[in-house]
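See below for the structure under consideration.
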Amino acid sequence: MKKALTACMLISVAGVTFACSSVRHVFVAEGYTKNPQQMIKRIVIFSEPFAQNKDLAKLVSAMTRDVIKTNRNYLVYGFLTTERDVAEECNVREGVLKMRVNKADAAGERVELEMTGELRRCSDHSLVWSASARSSGKSRNRSLENLIRSYVEEYGKQAKIFAAPAFNVIEDIVETMPNPVLTEEELIEKIDLEN
């Protein structure tokens with residue numbers, strides 16, 4: 001009886017944790033995380049322009065870069081704005097993290113946001129990871145005010161409306177990314193890139 005109660009409690013806790021996340025779908029290629037030497041480490045970020053709001057892509061790229069730098073072991077070599085740039089960078093990088101805004105609706109202080117992230121290997125363009133997330137909430141978030149202020153300075157009105165909900169969605173998406181293990185030399189490279 002005690003074991004059954006414990007199991008039910010664990011299932012309940014796991015369900016609550018998943019319910020709090022905005023992530024709706026995650027895919028990781030079979031066997032990708034089993035061989036750490038084959039995992040992608042050096043990436044560029046590309047955000048597809050959103051048809052209804054082309055300026056949103058730059059904000060999403062910058063926020064994704066910042067979240068990855070602090071939460072994952074990827075060596076981020078910047079973000080790109082065109083498919084042609086992606087093709088050129090794939091000649092010298094291991095992978096591309098493509099972010100796509102599927103939906104971005106703002107009405108008053110309410111924002112509905114849906115995004116997808118995909119990590120593709122440059123050598124063969126294969127999909128190794130993807131996640132999609134959806135969130136609805138207020139455009140203002142007191143706990144993120146200082147962070148949002150820095151994006152507003154650079155991206156203006158877009159950041160004032162979308163930065164808080166986008167940050168939460170991007171953070172949830174990035175949390176699902178496989179996290180590569182870096183060598184000592186790669187850690188130094190990461191520190192150099194971030195300075």
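Labels used: A, B, ... for chains in the order of the structure tokens, numbers from 1 for residues in each chain, and numbers from 1 for ligands as shown.
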For this session: Would you kindly return, as a VMD selection string, each protein, DNA or RNA residue with an atom no farther than 9 Å from any atom of A:Phe162, considering only C-alpha atoms and excluding same-chain residues fewer than 5 positions away?
Result: chain A and resid 56 59 104 106 111 113 139 to 140 157 167
Problem set entry | For stretch 180-182 of chain A: contacts at 6 Å, only C-alpha atoms, fewer than 2 positions along chain excluded, given as a list of chain:residue names |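 My reading of the contact set: A:Asn73, A:Glu186, A:Leu187.
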For this session: Apply DSSP to the backbone of this structure and, from stretch 49-195 of chain A, keep only the residues in strand (DSSP E); write these as a PyMOL selection string.
Result: chain A and resi 75-80+95-107+110-121+127-138
Exercise. Pick the closest to A:Ser150 from A:Asp66, A:Glu88, A:Glu83, A:Glu185: which is it, counting only C-alpha atoms?
Worked result: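 Among the listed residues, the smallest separation from A:Ser150 belongs to A:Asp66.
Distance annotation: of A:Val101, A:Val128, A:Ile191, A:Ala62, the residue with the minimal separation from A:Tyr74 is A:Ile191; atom set is only C-alpha atoms.
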Could you list, with a cut-off of 10 Å and counting only C-alpha atoms, the residues of stretch 49-97 of chain A near stretch 22-40 of chain A, each shown with its nearest atom pair and the distance in Å rounded to one decimal, rows sorted by chain and ascending number, as a Markdown table?
| residue | atom | partner | partner_atom | distance |
| --- | --- | --- | --- | --- |
| A:Tyr74 | CA | A:Ile40 | CA | 8.0 |
| A:Leu75 | CA | A:Ile40 | CA | 9.4 |
| A:Arg93 | CA | A:Ile40 | CA | 9.1 |
| A:Glu94 | CA | A:Ile40 | CA | 5.8 |
| A:Gly95 | CA | A:Ile40 | CA | 6.1 |
| A:Val96 | CA | A:Ile40 | CA | 9.2 |
